[in-house]
Amino acid sequence: MSFIAIQKTFMDYIRDPDSPLPNGMTVERMDVYRDLFFNNIAGFVSNAFPVLKSLYSPVRWKVLVQTFFKQHDCQSPLFSNIAEEFLVFLQYEYEMDERDPVFMLELAHYEWLELVASIAVDNVSHHFIGAADIPSKPLCLSSSAQIAQYAYDVQHICINYQPVEPAKAPQLFCVYRDKKNEVNFLSLTPLTAQVLEYLSQFESVRLADIQTWLIETFTAMEPDNLKQGCLDLLVELSTKGIICEYRV
């Protein structure tokens, strides 16, 4: 048997103990390896999705992670990508049943975005900006800022609050890492969400360009009000570190 074939039988058993035992190995010895691998994976998943985990009994959560461990073919060897692999598993491979919360996928995505924001690499061209510089400097969206829309108010979900129906209005968020390097979320109005989405399309953009886009897009609104409202919004977002100056 080739070395690659030996490796495959080894990993097949680690993922699923119902697979054939590798030649020359005992169940007791293989279970040591299996527990080591599984506990590492379970630890990463549990740390990335603490709220989702809290909604399951320990036994149900372990079964869910074991199913992921057994069935999902990870596309990345990096431990930092395990949370994303688990999210992909939930979205495309896992079959939900009546025991799973209806908001499971949205909550998982929200918690994954928090992780993404926490580990996002700072762009060396992005610099915090003061209010006075916003009218004259090129602006950009922080590299850690993540914009999302959900049907459920995922920011409130906990053991004591588990909605069974979507919220009355779409839930719009920006998850970001602030100036203190802490992950936060900001609830967005539809207009604010559109401004951030517009910013995300460019490496940098000027205030005047954003204001022109707003005036051309929202023709029913007073242009001067849009201009001032846009400036006020960008000032607020800059204090949180969501909007930065783009400086080469």
# chains A, B, ... in the order shown; residues from 1 in each chain; ligands from 1
$ closest_atom_pairs --of "segment 51-155 of chain A" --to "segment 32-35 of chain A" --cutoff "12 Å" --atoms "only C-alpha atoms" --output "JSON lines"
{"residue": "A:Gln66", "atom": "CA", "partner": "A:Asp35", "partner_atom": "CA", "distance": 11.0}
{"residue": "A:Phe69", "atom": "CA", "partner": "A:Arg34", "partner_atom": "CA", "distance": 10.5}
{"residue": "A:Lys70", "atom": "CA", "partner": "A:Arg34", "partner_atom": "CA", "distance": 11.1}
$ select_by_dssp --residues "segment 3-205 of chain A" --states "helix (DSSP H, G or I)" --output "VMD selection string"
chain A and resid 3 to 15 27 to 48 50 to 54 58 to 71 79 to 92 104 to 119 131 to 133 154 to 156 190 to 200
$ atom_distance --atom1 "atom CA of Ser238 of chain A" --atom2 "atom CA of Gly130 of chain A"
7.1 Å
$ residues_around --residues "Leu231 of chain A" --least-positions-apart "6" --cutoff "12 Å" --atoms "only C-alpha atoms" --output "PyMOL selection string"
chain A and resi 131-136+139+192+195+206-211+214+224-225+237-238+243
$ write_last_selection --atoms "N, CA and C atoms" --output "PDB file, in the first residue's frame"
ATOM      1  N   ALA A 131     -12.926  64.635  11.618  1.00  0.00           N
ATOM      2  CA  ALA A 131     -14.101  65.213  10.959  1.00  0.00           C
ATOM      3  C   ALA A 131     -13.730  66.334  10.000  1.00  0.00           C
ATOM      4  N   ALA A 132     -12.740  67.133  10.364  1.00  0.00           N
ATOM      5  CA  ALA A 132     -12.378  68.291   9.541  1.00  0.00           C
ATOM      6  C   ALA A 132     -11.790  67.889   8.197  1.00  0.00           C
ATOM      7  N   ASP A 133     -11.243  66.676   8.105  1.00  0.00           N
ATOM      8  CA  ASP A 133     -10.583  66.235   6.871  1.00  0.00           C
ATOM      9  C   ASP A 133     -11.510  65.512   5.904  1.00  0.00           C
ATOM     10  N   ILE A 134     -12.700  65.195   6.335  1.00  0.00           N
ATOM     11  CA  ILE A 134     -13.600  64.407   5.489  1.00  0.00           C
ATOM     12  C   ILE A 134     -13.940  65.098   4.166  1.00  0.00           C
ATOM     13  N   PRO A 135     -14.182  66.403   4.145  1.00  0.00           N
ATOM     14  CA  PRO A 135     -14.517  67.032   2.855  1.00  0.00           C
ATOM     15  C   PRO A 135     -13.375  67.055   1.846  1.00  0.00           C
ATOM     16  N   SER A 136     -12.124  66.935   2.301  1.00  0.00           N
ATOM     17  CA  SER A 136     -10.996  67.136   1.389  1.00  0.00           C
ATOM     18  C   SER A 136     -10.152  65.891   1.117  1.00  0.00           C
ATOM     19  N   LEU A 139     -11.746  58.958   0.748  1.00  0.00           N
ATOM     20  CA  LEU A 139     -12.353  58.141   1.802  1.00  0.00           C
ATOM     21  C   LEU A 139     -12.468  56.686   1.362  1.00  0.00           C
ATOM     22  N   THR A 192     -28.071  54.476   5.092  1.00  0.00           N
ATOM     23  CA  THR A 192     -26.687  54.294   5.538  1.00  0.00           C
ATOM     24  C   THR A 192     -26.084  53.039   4.932  1.00  0.00           C
ATOM     25  N   VAL A 195     -25.037  53.760   1.413  1.00  0.00           N
ATOM     26  CA  VAL A 195     -23.818  54.571   1.352  1.00  0.00           C
ATOM     27  C   VAL A 195     -22.590  53.685   1.572  1.00  0.00           C
ATOM     28  N   ARG A 206     -14.253  60.403  -3.044  1.00  0.00           N
ATOM     29  CA  ARG A 206     -14.342  61.711  -2.403  1.00  0.00           C
ATOM     30  C   ARG A 206     -15.771  61.977  -1.911  1.00  0.00           C
ATOM     31  N   LEU A 207     -15.845  62.829  -0.895  1.00  0.00           N
ATOM     32  CA  LEU A 207     -17.155  63.211  -0.352  1.00  0.00           C
ATOM     33  C   LEU A 207     -18.058  63.766  -1.445  1.00  0.00           C
ATOM     34  N   ALA A 208     -17.524  64.626  -2.296  1.00  0.00           N
ATOM     35  CA  ALA A 208     -18.339  65.244  -3.350  1.00  0.00           C
ATOM     36  C   ALA A 208     -18.938  64.192  -4.282  1.00  0.00           C
ATOM     37  N   ASP A 209     -18.166  63.128  -4.552  1.00  0.00           N
ATOM     38  CA  ASP A 209     -18.672  62.068  -5.421  1.00  0.00           C
ATOM     39  C   ASP A 209     -19.807  61.296  -4.761  1.00  0.00           C
ATOM     40  N   ILE A 210     -19.667  61.059  -3.461  1.00  0.00           N
ATOM     41  CA  ILE A 210     -20.737  60.363  -2.728  1.00  0.00           C
ATOM     42  C   ILE A 210     -22.001  61.204  -2.719  1.00  0.00           C
ATOM     43  N   GLN A 211     -21.842  62.497  -2.476  1.00  0.00           N
ATOM     44  CA  GLN A 211     -22.998  63.395  -2.440  1.00  0.00           C
ATOM     45  C   GLN A 211     -23.679  63.467  -3.802  1.00  0.00           C
ATOM     46  N   LEU A 214     -25.694  60.347  -4.307  1.00  0.00           N
ATOM     47  CA  LEU A 214     -26.922  60.381  -3.500  1.00  0.00           C
ATOM     48  C   LEU A 214     -27.992  61.249  -4.161  1.00  0.00           C
ATOM     49  N   ASP A 224     -29.688  69.680  -0.751  1.00  0.00           N
ATOM     50  CA  ASP A 224     -28.903  70.244   0.347  1.00  0.00           C
ATOM     51  C   ASP A 224     -29.013  69.385   1.602  1.00  0.00           C
ATOM     52  N   ASN A 225     -30.197  68.834   1.829  1.00  0.00           N
ATOM     53  CA  ASN A 225     -30.371  67.949   2.995  1.00  0.00           C
ATOM     54  C   ASN A 225     -29.555  66.674   2.833  1.00  0.00           C
ATOM     55  N   LEU A 237     -19.467  57.896  11.251  1.00  0.00           N
ATOM     56  CA  LEU A 237     -18.827  56.621  10.929  1.00  0.00           C
ATOM     57  C   LEU A 237     -17.309  56.694  11.102  1.00  0.00           C
ATOM     58  N   SER A 238     -16.743  57.867  10.874  1.00  0.00           N
ATOM     59  CA  SER A 238     -15.296  58.012  11.037  1.00  0.00           C
ATOM     60  C   SER A 238     -14.887  57.928  12.496  1.00  0.00           C
ATOM     61  N   ILE A 243     -15.199  54.424   8.579  1.00  0.00           N
ATOM     62  CA  ILE A 243     -14.730  55.196   7.433  1.00  0.00           C
ATOM     63  C   ILE A 243     -13.313  55.684   7.720  1.00  0.00           C
TER      64      ILE A 243
END
$ residues_around --residues "Leu113 of chain A" --least-positions-apart "4" --cutoff "8 Å" --atoms "only C-alpha atoms" --output "JSON, numbers by chain"
{"A": [109, 117, 146, 175]}
$ residues_around --residues "Arg60 of chain A" --least-positions-apart "5" --cutoff "10 Å" --atoms "only C-alpha atoms" --output "VMD selection string"
chain A and resid 53 55 65 to 66 99 to 100
$ residues_around --residues "Met30 of chain A" --least-positions-apart "6" --cutoff "12 Å" --atoms "only C-alpha atoms" --output "PDB file with C-alpha atoms, in the first residue's frame"
ATOM      1  CA  THR A   9      -7.142   5.062   5.589  1.00  0.00           C
ATOM      2  CA  PHE A  10      -5.728   6.847   8.635  1.00  0.00           C
ATOM      3  CA  MET A  11      -7.770  10.006   8.001  1.00  0.00           C
ATOM      4  CA  ASP A  12     -10.895   8.081   6.989  1.00  0.00           C
ATOM      5  CA  TYR A  13     -10.921   6.380  10.369  1.00  0.00           C
ATOM      6  CA  ILE A  14     -10.248   9.619  12.247  1.00  0.00           C
ATOM      7  CA  ARG A  15     -13.227  11.227  10.540  1.00  0.00           C
ATOM      8  CA  ASP A  16     -15.465   8.170  10.812  1.00  0.00           C
ATOM      9  CA  PRO A  17     -14.682   5.290  13.238  1.00  0.00           C
ATOM     10  CA  SER A  19     -14.331   3.054   8.482  1.00  0.00           C
ATOM     11  CA  PRO A  20     -11.849   0.161   8.319  1.00  0.00           C
ATOM     12  CA  LEU A  21      -9.123   0.283  10.956  1.00  0.00           C
ATOM     13  CA  PRO A  22      -5.697   1.084   9.426  1.00  0.00           C
ATOM     14  CA  ASN A  23      -3.357  -1.893   9.223  1.00  0.00           C
ATOM     15  CA  GLY A  24      -1.248  -2.370  12.314  1.00  0.00           C
ATOM     16  CA  LEU A  36      -7.097  14.936  19.433  1.00  0.00           C
ATOM     17  CA  PHE A  37      -8.246  15.992  15.957  1.00  0.00           C
TER      18      PHE A  37
END
$ atom_distance --atom1 "atom CA of Gln194 of chain A" --atom2 "atom CA of Gln91 of chain A"
25.8 Å
$ closest_residue --among "A:Val116, A:Val59, A:Val45, A:Val51" --to "Ser143 of chain A" --atoms "only C-alpha atoms"
A:Val116
$ residues_around --residues "Ser80 of chain A" --least-positions-apart "5" --cutoff "10 Å" --atoms "only C-alpha atoms" --output "list of chain:residue names"
A:Phe44, A:Ala48, A:Glu85, A:Leu115, A:Val116, A:Ile119
